[in-house]
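Asks: Here's a structure for you.
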Amino acid sequence: MTDNRESIYDKIYKIVRQIPEGKVSTYGRIAEIVGGKTGARMVGYALNHAHLDETIPAHRVVNRNGLLTGKAHFHPPELMQQLLENEGFVVENDKIMNFEENLWPEI
């Protein structure tokens, strides 16, 4: 089972690496792209383990409402917001204000 989970995580990381600077995606959208039995929570679990790999822009993945629900896994937690603001996002009360117009991939 571990090998299967690692394979799913690798697929998730590959997709997250494709999110361009200045765009964000959601746990659910990433799960849809991966397909299979992968759900939004699995994407969250994978990204919780990705914070040490700087090649995975986990800060660009938020919940379906644009909330920074993964910020607790950044050190310090404010880092997620700082990284998003560095890319031009406006974040207020842990929510991306210009969220919907910057969703990736476009559907």
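Letters A, B, ... mark the chains of the structure tokens in the order given; residue numbers begin at 1 per chain; ligand numbers begin at 1, in order shown.
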Write out as a tab-separated table (two decimals) with C-alpha atoms, in the first residue's frame each polymer residue whose atoms come within 10 Å of Trp104 (chain A), counting only C-alpha atoms; drop sequence neighbours fewer than 4 positions from it.

Replies:
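The resulting file, around-v1.tsv, is shown below:
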```
chain	number	residue	atom	x	y	z
A	18	GLN	CA	2.60	22.82	-13.27
A	19	ILE	CA	0.61	25.60	-11.55
A	20	PRO	CA	2.08	28.77	-13.03
A	22	GLY	CA	0.36	34.05	-10.30
A	23	LYS	CA	-2.23	31.26	-10.46
A	24	VAL	CA	-3.77	29.05	-7.79
A	25	SER	CA	-5.64	25.79	-7.77
A	26	THR	CA	-7.78	23.92	-5.28
A	29	ARG	CA	-9.27	20.46	-8.89
A	30	ILE	CA	-5.98	18.69	-8.34
A	60	ARG	CA	-0.60	27.81	-4.72
A	61	VAL	CA	-3.17	25.22	-3.58
A	100	GLU	CA	-11.73	33.00	-8.99
```

Asks: Just want the 9 Å neighbourhood of Pro57 (chain A), counted on only C-alpha atoms, with same-chain residues fewer than 6 positions away dropped. Output as an mmCIF file with N, CA, C and O atoms, in the first residue's frame.

Replies:
```
data_model
loop_
_atom_site.group_PDB
_atom_site.id
_atom_site.type_symbol
_atom_site.label_atom_id
_atom_site.label_comp_id
_atom_site.auth_asym_id
_atom_site.auth_seq_id
_atom_site.Cartn_x
_atom_site.Cartn_y
_atom_site.Cartn_z
ATOM 1 N N TYR A 13 2.213 15.819 -6.886
ATOM 2 C CA TYR A 13 3.331 16.768 -6.947
ATOM 3 C C TYR A 13 3.616 17.198 -8.382
ATOM 4 O O TYR A 13 3.906 18.377 -8.639
ATOM 5 N N VAL A 16 0.950 19.788 -9.259
ATOM 6 C CA VAL A 16 1.136 21.044 -8.521
ATOM 7 C C VAL A 16 2.320 21.830 -9.077
ATOM 8 O O VAL A 16 2.274 23.054 -9.161
ATOM 9 N N ARG A 17 3.355 21.135 -9.512
ATOM 10 C CA ARG A 17 4.514 21.823 -10.108
ATOM 11 C C ARG A 17 4.136 22.558 -11.397
ATOM 12 O O ARG A 17 4.849 23.453 -11.826
ATOM 13 N N GLN A 18 3.029 22.190 -12.021
ATOM 14 C CA GLN A 18 2.599 22.825 -13.265
ATOM 15 C C GLN A 18 1.801 24.111 -13.044
ATOM 16 O O GLN A 18 1.558 24.852 -13.997
ATOM 17 N N ILE A 19 1.388 24.381 -11.815
ATOM 18 C CA ILE A 19 0.615 25.601 -11.554
ATOM 19 C C ILE A 19 1.540 26.795 -11.782
ATOM 20 O O ILE A 19 2.556 26.940 -11.109
ATOM 21 N N GLU A 21 3.167 30.555 -11.856
ATOM 22 C CA GLU A 21 3.258 31.675 -10.915
ATOM 23 C C GLU A 21 2.110 32.634 -11.197
ATOM 24 O O GLU A 21 1.783 32.918 -12.353
ATOM 25 N N ALA A 50 4.859 18.013 1.646
ATOM 26 C CA ALA A 50 5.677 18.594 0.578
ATOM 27 C C ALA A 50 6.370 19.888 0.973
ATOM 28 O O ALA A 50 7.146 20.423 0.185
ATOM 29 N N HIS A 51 6.131 20.387 2.157
ATOM 30 C CA HIS A 51 6.627 21.724 2.502
ATOM 31 C C HIS A 51 8.147 21.843 2.524
ATOM 32 O O HIS A 51 8.671 22.938 2.444
#
```

Asks: Could you tell me how far CA of Phe99 (chain A) lies from CA of Glu78 (chain A), in Å and to one decimal?

Replies: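 Here the two named atoms are 18.2 Å from each other.
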
Asks: Looking only at alpha helix (DSSP H) from DSSP on the backbone, list the matching residues of chain A as a PyMOL selection string.

Replies: chain A and resi 2-16+27-34+40-48+79-86

Asks: Could you write out that same residue set with N, CA, C and O atoms as a short mmCIF file (atom, residue, chain, number, x, y, z; two decimals), in the first residue's frame?

Replies:
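Result saved to result25.cif:
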```cif
data_model
loop_
_atom_site.label_atom_id
_atom_site.label_comp_id
_atom_site.auth_asym_id
_atom_site.auth_seq_id
_atom_site.Cartn_x
_atom_site.Cartn_y
_atom_site.Cartn_z
N THR A 2 1.99 1.21 0.64
CA THR A 2 2.88 2.38 0.67
C THR A 2 3.30 2.78 -0.73
O THR A 2 3.31 3.95 -1.07
N ASP A 3 3.64 1.80 -1.56
CA ASP A 3 4.06 2.11 -2.92
C ASP A 3 2.96 2.82 -3.69
O ASP A 3 3.21 3.76 -4.43
N ASN A 4 1.70 2.39 -3.51
CA ASN A 4 0.56 3.02 -4.18
C ASN A 4 0.40 4.46 -3.71
O ASN A 4 0.20 5.36 -4.50
N ARG A 5 0.49 4.69 -2.41
CA ARG A 5 0.35 6.04 -1.87
C ARG A 5 1.46 6.94 -2.40
O ARG A 5 1.23 8.06 -2.80
N GLU A 6 2.68 6.44 -2.45
CA GLU A 6 3.78 7.24 -2.98
C GLU A 6 3.54 7.57 -4.45
O GLU A 6 3.81 8.68 -4.88
N SER A 7 2.99 6.66 -5.17
CA SER A 7 2.69 6.90 -6.58
C SER A 7 1.65 8.00 -6.72
O SER A 7 1.78 8.87 -7.57
N ILE A 8 0.63 7.98 -5.90
CA ILE A 8 -0.40 9.02 -5.93
C ILE A 8 0.22 10.37 -5.55
O ILE A 8 -0.03 11.38 -6.20
N TYR A 9 1.04 10.37 -4.52
CA TYR A 9 1.70 11.61 -4.11
C TYR A 9 2.56 12.15 -5.24
O TYR A 9 2.55 13.35 -5.51
N ASP A 10 3.29 11.29 -5.92
CA ASP A 10 4.12 11.73 -7.04
C ASP A 10 3.28 12.38 -8.14
O ASP A 10 3.66 13.39 -8.71
N LYS A 11 2.11 11.79 -8.42
CA LYS A 11 1.21 12.36 -9.43
C LYS A 11 0.72 13.74 -8.98
O LYS A 11 0.66 14.68 -9.78
N ILE A 12 0.37 13.85 -7.72
CA ILE A 12 -0.10 15.13 -7.19
C ILE A 12 1.00 16.18 -7.30
O ILE A 12 0.78 17.30 -7.76
N TYR A 13 2.21 15.82 -6.89
CA TYR A 13 3.33 16.77 -6.95
C TYR A 13 3.62 17.20 -8.38
O TYR A 13 3.91 18.38 -8.64
N LYS A 14 3.53 16.28 -9.32
CA LYS A 14 3.77 16.60 -10.72
C LYS A 14 2.77 17.65 -11.21
O LYS A 14 3.13 18.60 -11.91
N ILE A 15 1.52 17.50 -10.83
CA ILE A 15 0.48 18.45 -11.23
C ILE A 15 0.69 19.80 -10.55
O ILE A 15 0.61 20.85 -11.19
N VAL A 16 0.95 19.79 -9.26
CA VAL A 16 1.14 21.04 -8.52
C VAL A 16 2.32 21.83 -9.08
O VAL A 16 2.27 23.05 -9.16
N TYR A 27 -7.62 21.98 -3.88
CA TYR A 27 -7.40 20.56 -3.59
C TYR A 27 -8.31 19.72 -4.47
O TYR A 27 -7.88 18.70 -5.02
N GLY A 28 -9.55 20.14 -4.64
CA GLY A 28 -10.52 19.40 -5.45
C GLY A 28 -10.14 19.34 -6.92
O GLY A 28 -10.28 18.30 -7.56
N ARG A 29 -9.67 20.45 -7.47
CA ARG A 29 -9.27 20.46 -8.89
C ARG A 29 -8.08 19.54 -9.12
O ARG A 29 -8.03 18.82 -10.12
N ILE A 30 -7.14 19.57 -8.20
CA ILE A 30 -5.98 18.69 -8.34
C ILE A 30 -6.44 17.23 -8.27
O ILE A 30 -6.01 16.39 -9.06
N ALA A 31 -7.36 16.93 -7.35
CA ALA A 31 -7.88 15.57 -7.21
C ALA A 31 -8.58 15.12 -8.50
O ALA A 31 -8.42 13.98 -8.93
N GLU A 32 -9.33 16.02 -9.13
CA GLU A 32 -10.01 15.68 -10.39
C GLU A 32 -9.00 15.34 -11.48
O GLU A 32 -9.21 14.41 -12.26
N ILE A 33 -7.92 16.09 -11.54
CA ILE A 33 -6.91 15.84 -12.57
C ILE A 33 -6.23 14.49 -12.33
O ILE A 33 -6.01 13.73 -13.26
N VAL A 34 -5.90 14.19 -11.07
CA VAL A 34 -5.26 12.93 -10.75
C VAL A 34 -6.20 11.77 -11.05
O VAL A 34 -5.78 10.74 -11.56
N ALA A 40 -9.92 15.29 -2.50
CA ALA A 40 -9.30 16.54 -2.07
C ALA A 40 -8.48 16.33 -0.80
O ALA A 40 -7.41 16.93 -0.65
N ARG A 41 -8.96 15.49 0.10
CA ARG A 41 -8.20 15.27 1.34
C ARG A 41 -6.86 14.61 1.07
O ARG A 41 -5.86 14.91 1.72
N MET A 42 -6.83 13.68 0.12
CA MET A 42 -5.57 13.03 -0.23
C MET A 42 -4.58 14.06 -0.77
O MET A 42 -3.39 14.00 -0.47
N VAL A 43 -5.08 15.00 -1.56
CA VAL A 43 -4.21 16.06 -2.08
C VAL A 43 -3.67 16.87 -0.91
O VAL A 43 -2.47 17.20 -0.85
N GLY A 44 -4.52 17.18 0.04
CA GLY A 44 -4.08 17.91 1.23
C GLY A 44 -3.02 17.15 2.00
O GLY A 44 -2.00 17.72 2.42
N TYR A 45 -3.23 15.85 2.20
CA TYR A 45 -2.24 15.03 2.91
C TYR A 45 -0.90 15.06 2.18
O TYR A 45 0.15 15.18 2.80
N ALA A 46 -0.95 14.92 0.85
CA ALA A 46 0.28 14.93 0.07
C ALA A 46 1.01 16.26 0.23
O ALA A 46 2.23 16.29 0.44
N LEU A 47 0.27 17.36 0.16
CA LEU A 47 0.91 18.67 0.25
C LEU A 47 1.40 18.97 1.66
O LEU A 47 2.37 19.72 1.83
N ASN A 48 0.78 18.37 2.67
CA ASN A 48 1.27 18.54 4.04
C ASN A 48 2.68 17.99 4.18
O ASN A 48 3.45 18.45 5.02
N LEU A 79 4.03 32.21 6.12
CA LEU A 79 4.81 32.08 4.89
C LEU A 79 3.91 31.83 3.68
O LEU A 79 4.17 32.37 2.60
N MET A 80 2.86 31.05 3.83
CA MET A 80 1.97 30.78 2.70
C MET A 80 1.40 32.08 2.15
O MET A 80 1.42 32.33 0.94
N GLN A 81 0.91 32.93 3.02
CA GLN A 81 0.35 34.21 2.60
C GLN A 81 1.44 35.08 1.97
O GLN A 81 1.21 35.71 0.92
N GLN A 82 2.61 35.12 2.55
CA GLN A 82 3.70 35.93 2.01
C GLN A 82 4.07 35.50 0.60
O GLN A 82 4.26 36.34 -0.28
N LEU A 83 4.15 34.19 0.38
CA LEU A 83 4.49 33.68 -0.95
C LEU A 83 3.41 34.06 -1.98
O LEU A 83 3.73 34.44 -3.11
N LEU A 84 2.16 33.96 -1.59
CA LEU A 84 1.07 34.33 -2.50
C LEU A 84 1.08 35.84 -2.79
O LEU A 84 0.90 36.26 -3.93
N GLU A 85 1.30 36.63 -1.77
CA GLU A 85 1.35 38.08 -1.97
C GLU A 85 2.53 38.47 -2.86
O GLU A 85 2.43 39.40 -3.66
N ASN A 86 3.64 37.74 -2.75
CA ASN A 86 4.79 37.99 -3.62
C ASN A 86 4.46 37.74 -5.09
O ASN A 86 5.12 38.27 -5.97
#
```

Asks: Excluding Asn98 (chain A) and its own-chain neighbours fewer than 5 positions away, which residues fall within 10 Å of it when counting only C-alpha atoms? Please give them as a list in words.

Replies: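 Listing them by chain and then by number gives Gly66, Gly88, Phe89, Val90, Val91 and Leu103 of chain A.
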
Asks: Okay, now the selection with all heavy atoms, as a compact mmCIF listing (two decimals), in the first residue's frame?

Replies:
```txt
# COMPACT_ATOMS: atom_id res chain seq x y z
N GLY A 66 -11.01 29.59 -1.65
CA GLY A 66 -9.85 30.48 -1.68
C GLY A 66 -9.21 30.69 -0.32
O GLY A 66 -8.39 31.59 -0.15
N GLY A 88 1.48 38.51 -6.31
CA GLY A 88 0.47 39.48 -6.70
C GLY A 88 -0.92 39.26 -6.13
O GLY A 88 -1.84 40.02 -6.44
N PHE A 89 -1.08 38.25 -5.31
CA PHE A 89 -2.41 38.00 -4.73
C PHE A 89 -2.66 38.93 -3.56
O PHE A 89 -1.75 39.32 -2.84
CB PHE A 89 -2.53 36.55 -4.24
CG PHE A 89 -2.58 35.56 -5.37
CD1 PHE A 89 -1.45 34.89 -5.78
CD2 PHE A 89 -3.77 35.30 -6.03
CE1 PHE A 89 -1.48 34.00 -6.83
CE2 PHE A 89 -3.83 34.41 -7.08
CZ PHE A 89 -2.68 33.75 -7.48
N VAL A 90 -3.92 39.28 -3.39
CA VAL A 90 -4.36 40.05 -2.23
C VAL A 90 -5.01 39.04 -1.29
O VAL A 90 -5.95 38.33 -1.68
CB VAL A 90 -5.37 41.15 -2.64
CG1 VAL A 90 -5.90 41.86 -1.41
CG2 VAL A 90 -4.72 42.11 -3.61
N VAL A 91 -4.49 38.96 -0.07
CA VAL A 91 -5.00 38.01 0.92
C VAL A 91 -5.48 38.79 2.13
O VAL A 91 -4.74 39.58 2.70
CB VAL A 91 -3.90 37.00 1.33
CG1 VAL A 91 -4.45 36.02 2.37
CG2 VAL A 91 -3.35 36.26 0.12
N LEU A 103 -7.82 31.12 -11.02
CA LEU A 103 -7.85 29.66 -10.85
C LEU A 103 -7.18 28.94 -12.01
O LEU A 103 -7.31 29.34 -13.17
CB LEU A 103 -9.29 29.16 -10.74
CG LEU A 103 -9.90 29.21 -9.34
CD1 LEU A 103 -11.38 28.90 -9.42
CD2 LEU A 103 -9.20 28.25 -8.42
```

Asks: Report, in Å with one decimal, the straight-line distance from CA of Thr38 (chain A) to CA of Met97 (chain A).

Replies: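 Rounded to one decimal, the two atoms are 27.9 Å apart.
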
Asks: Which parts of region 33-96 of chain A does DSSP call strand (DSSP E or B) when run on the backbone here, written out as a list in words?

Replies: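 Selecting the strand (DSSP E or B) positions of region 33-96 of chain A gives Val61, Val62, Leu67, Val91, Glu92, Lys95 and Ile96 of chain A.
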